[in-house]
Every structure is written in structure tokens, then in C-alpha cells.
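Q: To be precise about what I am sending: the file is called entry27.tsv and holds TSV, C-alpha atoms and all ligand atoms.
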```tsv
chain	number	residue	atom	x	y	z
S	144	MET	CA	2.67	-8.85	-29.11
S	145	SER	CA	1.81	-9.66	-25.55
S	146	ALA	CA	3.16	-7.84	-22.51
S	147	GLN	CA	4.97	-9.36	-19.55
S	148	ILE	CA	2.59	-10.05	-16.65
S	149	ILE	CA	4.21	-8.65	-13.50
S	150	ASP	CA	3.82	-11.41	-10.91
S	151	GLY	CA	3.26	-9.49	-7.68
S	152	LYS	CA	2.33	-12.65	-5.82
S	153	ALA	CA	5.66	-14.33	-6.52
S	154	PHE	CA	7.66	-11.15	-5.86
S	155	ALA	CA	5.79	-10.54	-2.58
S	156	ALA	CA	6.57	-14.11	-1.51
S	157	GLN	CA	10.30	-13.43	-2.05
S	158	VAL	CA	10.07	-10.17	-0.07
S	159	ARG	CA	8.22	-11.92	2.75
S	160	ALA	CA	10.77	-14.73	2.90
S	161	ARG	CA	13.59	-12.19	3.18
S	162	ILE	CA	11.70	-10.32	5.92
S	163	GLY	CA	11.18	-13.62	7.74
S	164	GLU	CA	14.96	-14.15	7.83
S	165	GLN	CA	15.52	-10.62	9.16
S	166	VAL	CA	12.80	-11.12	11.77
S	167	ALA	CA	14.60	-14.26	13.00
S	168	THR	CA	17.83	-12.25	13.36
S	169	PHE	CA	15.98	-9.48	15.18
S	170	HIS	CA	14.35	-11.99	17.52
S	171	ALA	CA	17.71	-13.61	18.31
S	172	THR	CA	19.38	-10.29	19.16
S	173	ALA	CA	16.50	-8.32	20.72
S	174	GLY	CA	15.00	-11.26	22.58
S	175	ARG	CA	11.49	-10.60	21.29
S	176	ALA	CA	9.53	-10.69	18.04
S	177	PRO	CA	8.40	-7.49	16.30
S	178	GLY	CA	4.75	-6.82	17.19
S	179	LEU	CA	2.01	-5.51	14.90
S	180	ALA	CA	-1.32	-4.41	16.41
S	181	VAL	CA	-4.26	-4.44	14.01
S	182	VAL	CA	-7.56	-2.86	15.03
S	183	LEU	CA	-10.80	-3.71	13.24
S	184	VAL	CA	-13.92	-1.72	14.11
S	185	GLY	CA	-17.23	-3.17	12.95
S	186	GLU	CA	-18.12	-6.00	10.63
S	187	ASP	CA	-17.29	-4.79	7.12
S	188	PRO	CA	-16.72	-8.11	5.30
S	189	ALA	CA	-13.94	-6.86	2.99
S	190	SER	CA	-12.10	-5.30	5.95
S	191	ALA	CA	-12.45	-8.54	7.92
S	192	VAL	CA	-10.84	-10.45	5.02
S	193	TYR	CA	-7.93	-7.97	4.83
S	194	VAL	CA	-7.38	-8.06	8.60
S	195	ARG	CA	-7.33	-11.86	8.63
S	196	ALA	CA	-4.80	-11.87	5.78
S	197	LYS	CA	-2.60	-9.34	7.58
S	198	GLY	CA	-2.65	-11.36	10.82
S	199	LYS	CA	-1.76	-14.58	8.99
S	200	ALA	CA	1.11	-12.96	7.07
S	201	THR	CA	2.42	-11.34	10.28
S	202	ARG	CA	2.55	-14.69	12.07
S	203	GLU	CA	4.09	-16.44	9.05
S	204	ALA	CA	6.92	-13.86	9.08
S	205	GLY	CA	7.63	-14.77	12.72
S	206	MET	CA	6.13	-11.57	14.15
S	207	GLU	CA	3.58	-11.14	16.92
S	208	SER	CA	0.07	-10.29	15.67
S	209	ILE	CA	-1.99	-8.41	18.27
S	210	GLU	CA	-5.58	-8.21	17.06
S	211	HIS	CA	-8.34	-6.04	18.51
S	212	ARG	CA	-11.91	-6.32	17.24
S	213	LEU	CA	-14.33	-3.64	18.39
S	214	PRO	CA	-18.08	-3.36	17.73
S	215	ALA	CA	-19.22	-0.81	15.12
S	216	ASP	CA	-20.93	1.25	17.84
S	217	VAL	CA	-17.89	1.34	20.16
S	218	GLY	CA	-17.61	5.13	19.87
S	219	GLN	CA	-14.67	7.36	19.22
S	220	GLU	CA	-13.30	7.74	22.76
S	221	PRO	CA	-12.77	4.02	23.56
S	222	LEU	CA	-11.01	3.62	20.19
S	223	LEU	CA	-8.71	6.58	20.93
S	224	ALA	CA	-8.06	5.13	24.40
S	225	LEU	CA	-7.05	1.79	22.83
S	226	ILE	CA	-4.66	3.62	20.49
S	227	ASP	CA	-3.12	5.41	23.51
S	228	THR	CA	-2.58	2.03	25.19
S	229	LEU	CA	-0.96	0.58	22.05
S	230	ASN	CA	1.21	3.71	21.65
S	231	ALA	CA	2.55	3.14	25.18
S	232	ASP	CA	3.03	-0.65	24.87
S	233	PRO	CA	6.73	-1.51	24.32
S	234	ALA	CA	5.78	-4.86	22.69
S	235	VAL	CA	3.91	-3.03	19.91
S	236	ASP	CA	6.10	-1.77	17.06
S	237	GLY	CA	3.35	-1.08	14.54
S	238	ILE	CA	-0.28	0.03	14.84
S	239	LEU	CA	-2.81	-0.25	12.04
S	240	VAL	CA	-6.47	0.75	12.30
S	241	GLN	CA	-8.26	-0.82	9.35
S	242	LEU	CA	-10.14	1.69	7.19
S	243	PRO	CA	-12.86	2.58	6.40
S	244	LEU	CA	-14.20	3.16	9.91
S	245	PRO	CA	-17.96	2.89	10.53
S	246	ALA	CA	-20.02	5.97	9.65
S	247	GLY	CA	-19.83	8.71	12.25
S	248	MET	CA	-16.25	8.02	13.31
S	249	ASP	CA	-13.56	10.57	12.55
S	250	GLU	CA	-10.84	8.84	10.53
S	251	ARG	CA	-8.52	11.82	10.71
S	252	ALA	CA	-8.72	12.00	14.51
S	253	VAL	CA	-7.99	8.26	14.72
S	254	THR	CA	-5.12	8.31	12.22
S	255	THR	CA	-3.44	11.27	13.89
S	256	ARG	CA	-3.70	9.69	17.37
S	257	ILE	CA	-1.29	6.90	16.37
S	258	ASP	CA	2.33	7.58	17.37
S	259	PRO	CA	4.00	8.54	14.05
S	260	ASP	CA	6.90	6.26	14.96
S	261	LYS	CA	4.50	3.26	15.14
S	262	ASP	CA	2.44	4.35	12.11
S	263	VAL	CA	3.30	1.44	9.80
S	264	ASP	CA	0.47	2.46	7.43
S	265	GLY	CA	2.26	5.77	6.86
S	266	PHE	CA	-1.07	7.65	7.04
S	267	HIS	CA	-0.13	10.13	9.82
S	268	PRO	CA	0.44	13.68	8.51
S	269	VAL	CA	3.90	13.62	10.11
S	270	ASN	CA	4.85	10.67	7.90
S	271	ALA	CA	3.26	12.30	4.83
S	272	GLY	CA	5.40	15.36	5.57
S	273	ARG	CA	8.51	13.25	6.08
S	274	LEU	CA	7.95	11.56	2.70
S	275	ALA	CA	7.34	14.91	0.97
S	276	THR	CA	10.53	16.38	2.41
S	277	GLY	CA	12.79	13.35	2.14
S	278	ILE	CA	13.03	12.56	5.88
S	279	GLU	CA	13.06	8.92	7.00
S	280	GLY	CA	9.64	7.81	8.22
S	281	PHE	CA	7.01	5.30	7.12
S	282	VAL	CA	5.84	5.17	3.50
S	283	PRO	CA	2.27	3.94	2.79
S	284	CYS	CA	2.37	0.25	1.89
S	285	THR	CA	0.50	0.19	-1.43
S	286	PRO	CA	2.53	2.88	-3.24
S	287	TYR	CA	5.77	1.48	-1.86
S	288	GLY	CA	4.76	-1.96	-3.18
S	289	CYS	CA	4.08	-0.39	-6.59
S	290	LEU	CA	7.53	1.22	-6.54
S	291	MET	CA	9.18	-2.11	-5.72
S	292	LEU	CA	7.42	-3.73	-8.70
S	293	LEU	CA	8.44	-0.86	-10.99
S	294	LYS	CA	12.09	-1.01	-9.95
S	295	ASP	CA	12.15	-4.79	-10.29
S	296	THR	CA	10.65	-4.52	-13.80
S	297	LEU	CA	12.47	-1.45	-15.13
S	298	GLY	CA	15.58	-0.98	-12.99
S	299	ASP	CA	16.52	2.72	-12.97
S	300	LEU	CA	13.42	4.94	-13.33
S	301	SER	CA	15.36	8.18	-13.73
S	302	GLY	CA	14.00	10.51	-16.44
S	303	LEU	CA	10.95	8.39	-17.25
S	304	ASP	CA	7.53	10.01	-17.73
S	305	ALA	CA	5.13	8.71	-15.08
S	306	VAL	CA	1.40	9.34	-14.82
S	307	VAL	CA	-0.37	8.62	-11.54
S	308	ILE	CA	-4.14	8.49	-11.96
S	309	GLY	CA	-5.76	9.28	-8.61
S	310	ARG	CA	-4.83	11.81	-5.93
S	311	SER	CA	-5.76	10.07	-2.68
S	312	ASN	CA	-3.67	10.56	0.46
S	313	ILE	CA	-3.22	6.78	0.70
S	314	VAL	CA	-2.05	5.99	-2.85
S	315	GLY	CA	-1.93	8.78	-5.45
S	316	LYS	CA	-0.11	11.50	-3.53
S	317	PRO	CA	2.53	9.28	-1.88
S	318	MET	CA	3.02	7.42	-5.20
S	319	ALA	CA	3.79	10.73	-6.90
S	320	GLN	CA	6.26	11.62	-4.12
S	321	LEU	CA	8.04	8.28	-4.48
S	322	LEU	CA	8.32	8.66	-8.27
S	323	ILE	CA	9.68	12.21	-7.88
S	324	GLY	CA	12.23	10.65	-5.51
S	325	GLU	CA	13.25	8.30	-8.34
S	326	SER	CA	13.73	11.30	-10.68
S	327	CYS	CA	10.71	10.57	-12.85
S	328	THR	CA	8.77	13.38	-14.53
S	329	VAL	CA	5.45	12.98	-12.73
S	330	THR	CA	1.94	13.97	-13.74
S	331	VAL	CA	-0.94	13.42	-11.31
S	332	ALA	CA	-4.25	12.97	-13.12
S	333	HIS	CA	-7.68	12.79	-11.46
S	334	SER	CA	-11.40	13.01	-12.06
S	335	ARG	CA	-11.18	16.60	-13.34
S	336	THR	CA	-8.29	15.93	-15.73
S	337	ARG	CA	-9.11	16.97	-19.29
S	338	ASP	CA	-8.34	14.47	-22.02
S	339	LEU	CA	-6.92	11.73	-19.82
S	340	ALA	CA	-6.20	9.64	-22.91
S	341	SER	CA	-3.63	12.12	-24.17
S	342	VAL	CA	-2.02	12.43	-20.72
S	343	VAL	CA	-1.68	8.64	-20.50
S	344	ALA	CA	-0.37	8.45	-24.09
S	345	ARG	CA	2.95	10.06	-23.19
S	346	ALA	CA	3.64	7.97	-20.08
S	347	ASP	CA	6.38	5.37	-19.78
S	348	ILE	CA	4.84	4.42	-16.43
S	349	VAL	CA	1.10	4.43	-15.64
S	350	VAL	CA	-0.11	3.87	-12.08
S	351	ALA	CA	-3.91	3.61	-11.99
S	352	ALA	CA	-5.56	4.16	-8.60
S	353	VAL	CA	-9.03	5.51	-9.30
S	354	GLY	CA	-11.40	2.74	-8.22
S	355	ARG	CA	-13.31	2.61	-11.51
S	356	PRO	CA	-13.44	-0.74	-13.30
S	357	GLU	CA	-11.33	-0.92	-16.49
S	358	MET	CA	-11.40	2.85	-16.95
S	359	VAL	CA	-7.89	3.10	-18.39
S	360	ARG	CA	-8.12	1.77	-21.94
S	361	GLY	CA	-5.39	-0.23	-23.63
S	362	GLU	CA	-5.52	1.97	-26.73
S	363	TRP	CA	-4.59	5.04	-24.65
S	364	LEU	CA	-1.21	3.59	-23.70
S	365	LYS	CA	2.16	4.38	-25.19
S	366	PRO	CA	3.53	1.21	-26.80
S	367	GLY	CA	6.05	-0.34	-24.40
S	368	ALA	CA	4.67	1.36	-21.27
S	369	THR	CA	4.73	-0.30	-17.85
S	370	VAL	CA	1.29	-0.39	-16.21
S	371	ILE	CA	0.63	-0.77	-12.48
S	372	ASP	CA	-3.03	-1.38	-11.64
S	373	VAL	CA	-3.93	-0.58	-8.03
S	374	GLY	CA	-7.68	-1.01	-8.56
S	375	ILE	CA	-9.67	-3.80	-6.93
S	376	ASN	CA	-13.25	-3.52	-8.21
S	377	ARG	CA	-15.87	-6.13	-7.49
S	378	THR	CA	-18.17	-6.47	-10.54
S	379	ASP	CA	-20.80	-8.95	-11.70
S	380	THR	CA	-18.09	-10.69	-13.71
S	381	GLY	CA	-15.65	-10.87	-10.78
S	382	LEU	CA	-12.66	-8.86	-9.59
S	383	VAL	CA	-11.25	-6.36	-12.09
S	384	GLY	CA	-8.71	-3.56	-11.92
S	385	ASP	CA	-8.82	0.06	-13.06
S	386	VAL	CA	-7.13	-0.93	-16.33
S	387	ASP	CA	-8.58	-2.74	-19.36
S	388	PHE	CA	-6.19	-5.68	-18.86
S	389	ALA	CA	-6.67	-7.39	-22.24
S	390	GLY	CA	-6.23	-4.11	-24.11
S	391	ALA	CA	-3.17	-3.17	-22.05
S	392	MET	CA	-1.58	-6.57	-22.67
S	393	SER	CA	-1.51	-5.92	-26.42
S	394	VAL	CA	0.13	-2.46	-26.17
S	395	ALA	CA	2.23	-2.27	-22.99
S	396	ALA	CA	5.56	-3.95	-22.21
S	397	ALA	CA	4.51	-5.04	-18.71
S	398	VAL	CA	1.23	-5.05	-16.76
S	399	THR	CA	0.20	-6.06	-13.23
S	400	PRO	CA	-2.76	-8.45	-13.06
S	401	VAL	CA	-5.75	-8.09	-10.71
S	402	PRO	CA	-5.68	-10.06	-8.50
S	403	GLY	CA	-2.05	-11.13	-8.01
S	404	GLY	CA	-0.31	-7.84	-8.82
S	405	VAL	CA	-0.19	-4.94	-6.39
S	406	GLY	CA	-2.39	-6.52	-3.66
S	407	PRO	CA	0.15	-9.03	-2.32
S	408	MET	CA	2.83	-6.32	-2.27
S	409	THR	CA	0.78	-4.19	0.14
S	410	ILE	CA	0.96	-6.83	2.86
S	411	ALA	CA	4.67	-7.49	2.19
S	412	CYS	CA	5.36	-3.77	2.66
S	413	LEU	CA	3.33	-3.70	5.87
S	414	LEU	CA	5.59	-6.45	7.26
S	415	ARG	CA	8.62	-4.53	6.03
S	416	ASN	CA	7.49	-1.36	7.82
S	417	THR	CA	6.82	-3.31	11.03
S	418	LEU	CA	10.30	-4.85	10.94
S	419	ILE	CA	11.89	-1.43	10.28
S	420	SER	CA	9.94	0.00	13.22
S	421	ALA	CA	11.13	-2.78	15.53
S	422	GLN	CA	14.73	-2.28	14.40
S	423	ARG	CA	14.55	1.50	14.92
S	424	ARG	CA	12.92	1.17	18.31
S	425	ALA	CA	15.52	-1.37	19.45
S	426	GLY	CA	18.12	1.26	18.56
S	501	LIG	N1	-8.13	-0.17	4.03
S	501	LIG	C1	-7.79	-0.50	2.76
S	501	LIG	N2	-6.45	-0.52	2.62
S	501	LIG	C2	-5.93	-0.18	3.82
S	501	LIG	C3	-4.61	-0.05	4.32
S	501	LIG	O1	-3.61	-0.22	3.60
S	501	LIG	N3	-4.50	0.28	5.63
S	501	LIG	C4	-5.57	0.49	6.42
S	501	LIG	N4	-5.35	0.83	7.69
S	501	LIG	N5	-6.82	0.37	6.00
S	501	LIG	C5	-6.98	0.03	4.69
```
Could you take the file, read its structure, and then write that structure out as C-alpha cells?
A:
Amino acid sequence: MSAQIIDGKAFAAQVRARIGEQVATFHATAGRAPGLAVVLVGEDPASAVYVRAKGKATREAGMESIEHRLPADVGQEPLLALIDTLNADPAVDGILVQLPLPAGMDERAVTTRIDPDKDVDGFHPVNAGRLATGIEGFVPCTPYGCLMLLKDTLGDLSGLDAVVIGRSNIVGKPMAQLLIGESCTVTVAHSRTRDLASVVARADIVVAAVGRPEMVRGEWLKPGATVIDVGINRTDTGLVGDVDFAGAMSVAAAVTPVPGGVGPMTIACLLRNTLISAQRRAG
């Protein structure tokens, strides 16, 4: 038996098209396009690729892309000053500082300087707290994209056993919060988890976000599970996820590919958050 491949690229294209329509309505009523400011510090090649892709998708959705590129040695204070300017700019609805920042810069200080009501990444502690307590805010884009794929594949998630592998602030923790919100029974596994195979074996839903190539083995999975692979690992043989894709395909009911699974959903959710911000700010 072979699992369904969850086509994140196609689903993200549908989401983006719908956002584009809502952006056109917003523009017609508010008299301006939603604006997303993206800040790239330094020359990290992977970050540069992501920032270019975000700018392109923003423009394609009919939004304003405001891009700031700063040298790696710009220093903390000028970056914080730029964030203050963007916080105060009425044409900017969303602010994203691409991570990782160059060595020596304080990511926490930068992330917390962004106005929580423009924090379309959902990384500010205020938005993490809002998510944890069920208050409307901004949800980080990658876990929200995973949730959209899960709901599209499975419908109601209520009562399902979900295992999130990885406990980062950006993916693992918010993913667990979102699944709790859907009434799943959630286990968060991580590098210190004992006998990960047996934890994974009872899961109806597996979300892998560990950053280790093909670590989650197909033979660990419960037959019929749905597997969401957040990993993007560059190896000698090309891009691979955190899940042994071939093995998972022969056991699971549905699996996201890498690339073409979760990745495209992250950008779609960034556009969604920016539109929501513009709508909220327009009152
Ligand atoms: N670096 C890798 N992914 C992300 C993301 O979603 N947002 C930001 N700001 N930086 C990232």
C-alpha cells in the first residue's frame, strides 16, 4: 500500500489565490495595499533565498513588500532603530526579521522589539502567550501551515493522538498548542525522549520538526498515521526531511513530501497573517 502524498504546493497556491482576492477587497475599501516589511541582516545564502521568495509572494498577492537589507556588521542599535521606525509606520502591517541573525546579535532583543500587533511571524512572547491562553494574536506560520494541511487531510482532529517531535519556540511548542486547541491528545518528544519509536507508534498524527535527516523511521509509524515533515535538511544526496519518506509511504495513510509539503504553506500563512494584521489595523 502506498500513502497519499499531501500536496502542500497545490494547497498553498489555493490559499494564496484566496488571500489575493481578499487583498483586492481590502485595497478597494481601505485605499491602500497591506504592507509587509522584511529585514535581512547579512549574507546568509539560505536566508537570502527565503527573503526573495517572501517578497515575490507578497507582491503576487497584491501586497506591498518593503525590503531592508543590512550588512552583517550593522550592529544591534541600528537594527532596533529600524524596527522602531517600522513599528511607527502606518503603511507597515507586518514586520519580519529573517532569522538566524549574524553571530553576536541578540535575537530575543530583536524579536521582542517588534510591535506584537505587527508581529506576523508570531515570535514575540506576547503572541506566544496569546496562543497558549487562547487569545487572538499571531500564530507562527510553519505550525499554522501544518495545521491547515492536517485539517484538509483529516477533517476533525478531535480525540486523535498527536506526537510533535521537537520543542522549539518557532515550531514544536506552538504546534503542540494548536493541536491542543483542536482537542488532540498531544505528546511533545525531543532529543531526551526515551524510546522515541514507541512514542511515535501510538500516534495518529506525527509532526517531525527536529532538523535531523530521515530520523523518523517508517517502521516506527502506526499504520494509517498522517505524517507532517517540517524538516529541510541539505545532504549530499539533496534535500531531505526529518522523516524516512519511502518507509513512511508504505505504512502511513498520508505524508508530506520534502520539498513541496510544509515549506510552501509557511509563506502562504505569512501572507495570511499580514492580511489579518491589515484588516485589524484598519478596524
Ligand atoms: N528563518 C527560518 N524560518 C523563519 C521564519 O519563519 N521567520 C523568520 N523571521 N526567520 C526564519
Q: Mind running chain S against ligand LIG 501 (chain S) at 8 Å and telling me each contacting residue's nearest atom pair with the distance in Å (one decimal), counting only C-alpha atoms and all ligand atoms, chain and number ascending, as CSV?
A:
```
residue,atom,partner,partner_atom,distance
S:Ser190,CA,S:LIG501,N1,6.8
S:Tyr193,CA,S:LIG501,C1,7.8
S:Leu239,CA,S:LIG501,N4,5.2
S:Val240,CA,S:LIG501,N4,4.7
S:Gln241,CA,S:LIG501,N4,3.7
S:Leu242,CA,S:LIG501,N5,3.8
S:Pro243,CA,S:LIG501,N1,6.0
S:Asp264,CA,S:LIG501,N3,5.7
S:Pro283,CA,S:LIG501,O1,7.2
S:Cys284,CA,S:LIG501,O1,6.2
S:Thr285,CA,S:LIG501,O1,6.5
S:Ile313,CA,S:LIG501,O1,7.6
S:Thr409,CA,S:LIG501,O1,6.9
```
Q: How many Å lie between CA of Arg415 (chain S) and CA of Tyr287 (chain S), rounded to one decimal?
A: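 Separation of CA of Arg415 (chain S) and CA of Tyr287 (chain S): 10.3 Å.
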Q: In terms of the shortest atom-to-atom distance over only C-alpha atoms, which of S:Ala332, S:Val181, S:Met408, S:Ala305 is closest to Asp236 (chain S)?
A: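 Selected residue with least distance to Asp236 (chain S): S:Val181.
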Q: For a test of reading the model, state the distance in Å between CA of Val331 (chain S) and CA of Gly309 (chain S), rounded to one decimal.
A: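 Distance reported for this atom pair: 6.9 Å.
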Q: Which neighbours of region 228-232 of chain S fall inside 9 Å, counting only C-alpha atoms, when residues of the same chain fewer than 2 positions from it are skipped, and could you give them as an mmCIF file with C-alpha atoms, keeping the file's coordinate frame?
A:
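Generated output (around_2.cif):
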```cif
data_model
loop_
_atom_site.group_PDB
_atom_site.id
_atom_site.type_symbol
_atom_site.label_atom_id
_atom_site.label_comp_id
_atom_site.auth_asym_id
_atom_site.auth_seq_id
_atom_site.Cartn_x
_atom_site.Cartn_y
_atom_site.Cartn_z
ATOM 1 C CA ALA S 180 -1.320 -4.410 16.410
ATOM 2 C CA LEU S 223 -8.710 6.580 20.930
ATOM 3 C CA ALA S 224 -8.060 5.130 24.400
ATOM 4 C CA LEU S 225 -7.050 1.790 22.830
ATOM 5 C CA ILE S 226 -4.660 3.620 20.490
ATOM 6 C CA ALA S 234 5.780 -4.860 22.690
ATOM 7 C CA VAL S 235 3.910 -3.030 19.910
ATOM 8 C CA ASP S 236 6.100 -1.770 17.060
ATOM 9 C CA GLY S 237 3.350 -1.080 14.540
ATOM 10 C CA ILE S 238 -0.280 0.030 14.840
ATOM 11 C CA ARG S 256 -3.700 9.690 17.370
ATOM 12 C CA ILE S 257 -1.290 6.900 16.370
ATOM 13 C CA ASP S 258 2.330 7.580 17.370
ATOM 14 C CA LYS S 261 4.500 3.260 15.140
#
```
Q: Name the closest residue to Met248 (chain S) among the candidates S:Ser341, S:Gln147, S:Thr378, S:Gln219; distances are taken between atoms, counting only C-alpha atoms.
A: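 Smallest distance to Met248 (chain S) is found for S:Gln219.
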Q: Please indicate the distance in Å from CA of His170 (chain S) to CA of Met206 (chain S), rounded to one decimal place.
A: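 According to the coordinates, CA of His170 (chain S) and CA of Met206 (chain S) are separated by 8.9 Å.
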Q: Using only C-alpha atoms, can you list as a list in words the residues within 10 Å of (-8.6, 2.8, -10.9)?
A: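 Taken together, the residues in range are Ile308, Gly309, Val350, Ala351, Ala352, Val353, Gly354, Arg355, Pro356, Glu357, Met358, Val359, Asp372, Val373, Gly374, Ile375, Asn376, Val383, Gly384, Asp385 and Val386 of chain S.
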Q: Tell me, as an MDAnalysis selection string, which residues lie within 9 Å of Phe266 (chain S), counting all atoms listed in the file; anything in the same chain fewer than 5 positions away does not count.
A: chainID S and resid 254:255 259 271 281:283 312:313
